[in-house]
Amino acid sequence: MARKKSQVSLPGNDGRWFLELAGVVKSAPSPTETYTELEALEQPPAFVASESAAVTAGAAAVSGSLATGANGETAGDDTFVPVAPRSNDGLDDWEPDDVSPRLGRRGLGKWLAAALLVIVVVAIVLAVILLPRTVQNEADVLAADYSRSLTDLRNELPNSQAALASLTDPSTSPENVSATVPAIGDLNTRGTIVISLATAPLPSTLMFVPRDALEALEPTRTTMLILGAEAGGISGRLATTFTYHSTVPALFATPELPVEADSATTDALSVTLAESLADTARLVADLPPDPTFAETRDLATQASERYATWQLEYLDALRQGDTDRAADLVVELDTERNDITAALDVALGVVRAEVDPRIVVLAGETETAISDIP
């Protein structure tokens, strides 16, 4: 007859529940009651084991593990053996020695030196290639500016020649004389621009960079100085001519001068002549000294000095009814006017003969300078 296999008792299947229900055995505390009891217990003081105690405890722990029975239970379950944390064979306090950083830094330094050398070589190559091109570009920009300024000067010269023709023509009206002012100013402006460009310093470059392209502009700059100065000189001559041509007709400005007049007419003439005297003195003082117009200026100055006493004599002759004396004084003033005008006409002819060829020569030299710009 086969034996029944022994059945393994399951937890709680040992009949204890019946005994607990009958009151024979005290029931096991619940988890809540157990936690409450643990909280009520006083905690033991912290235990600090010395290094020797930790070693001893470690040895004891090893011995205890060897004494473990076959059923997994150790002898002396009630014994507490403190075990100190094990070290990692002394590796916790290990640090790299001084050799490793030196080796790392030395290798990194070699790479940095090599990179720096490459950068320097590339920079030199780029400088050798690009810097001369930069200098050439700067020279090209300056050459374009020089050409543009000289071209503007050349294109202004026909207007200057037309202004010269009007200024040196004795029959030109005061309105047409005044119309020459813009051309005179424009010529002076063009010449000033040419000079300013020629005197501006050339761009600076590094010592090892060739400056041939910039230095090739030096002859042009020298020529520009000459041409700009000549344009300024011509403009100055035109301005002086304008001053004399516009001033002389305004000298001794008087109404029609009678040889006889009543008291009221004489009194009105005295006021008009006094204003004319003041204007004439101011205009003569403003005449610029110029060898070509020296005779004109001298005659105007002398006539202005005589004009004050002339007025007194003329007005007195009118009040006294001395017609002969008044007529002689009128002729005297007219003669002085004519002499000044004649001297002016001669000076205008001199200016025309002098300045017209200068304008023509300046035009040709400007064209040559433009074509010679590198």
# chains A, B, ... in the order shown; residues from 1 in each chain; ligands from 1
>>> residues_around(residues="range 140-155 of chain A", least_positions_apart="6", cutoff="8 Å", atoms="only C-alpha atoms", output="PyMOL selection string")
chain A and resi 187+190-191+193-194+197-198+217+224+362-363+366-367+369-370+373-374
>>> write_last_selection(atoms="C-alpha atoms", output="PDB file, in the first residue's frame")
ATOM      1  CA  LEU A 187      35.951 127.899 -61.121  1.00  0.00           C
ATOM      2  CA  ARG A 190      36.855 123.343 -58.817  1.00  0.00           C
ATOM      3  CA  GLY A 191      40.412 124.499 -58.310  1.00  0.00           C
ATOM      4  CA  ILE A 193      38.882 120.635 -54.798  1.00  0.00           C
ATOM      5  CA  VAL A 194      41.783 119.678 -57.046  1.00  0.00           C
ATOM      6  CA  LEU A 197      42.858 116.086 -53.218  1.00  0.00           C
ATOM      7  CA  ALA A 198      46.448 116.637 -54.276  1.00  0.00           C
ATOM      8  CA  LEU A 217      50.221 108.822 -58.409  1.00  0.00           C
ATOM      9  CA  MET A 224      47.141 118.778 -59.833  1.00  0.00           C
ATOM     10  CA  LEU A 362      44.786 125.260 -68.559  1.00  0.00           C
ATOM     11  CA  ALA A 363      42.235 123.295 -70.545  1.00  0.00           C
ATOM     12  CA  THR A 366      44.090 119.428 -67.636  1.00  0.00           C
ATOM     13  CA  GLU A 367      43.255 117.072 -70.457  1.00  0.00           C
ATOM     14  CA  ALA A 369      46.852 115.316 -66.771  1.00  0.00           C
ATOM     15  CA  ILE A 370      43.678 113.268 -67.013  1.00  0.00           C
ATOM     16  CA  ILE A 373      46.711 109.280 -64.547  1.00  0.00           C
ATOM     17  CA  PRO A 374      47.997 105.707 -63.995  1.00  0.00           C
TER      18      PRO A 374
END
>>> residues_around(residues="Asp328 in chain A", least_positions_apart="4", cutoff="12 Å", atoms="only C-alpha atoms", output="VMD selection string")
chain A and resid 257 to 259 310 313 to 314 317 to 318 322 to 324 332 to 335
>>> atom_distance(atom1="CA of Leu269 in chain A", atom2="CA of Leu283 in chain A")
20.8 Å
>>> atom_distance(atom1="CA of Thr280 in chain A", atom2="CA of Ala250 in chain A")
7.6 Å
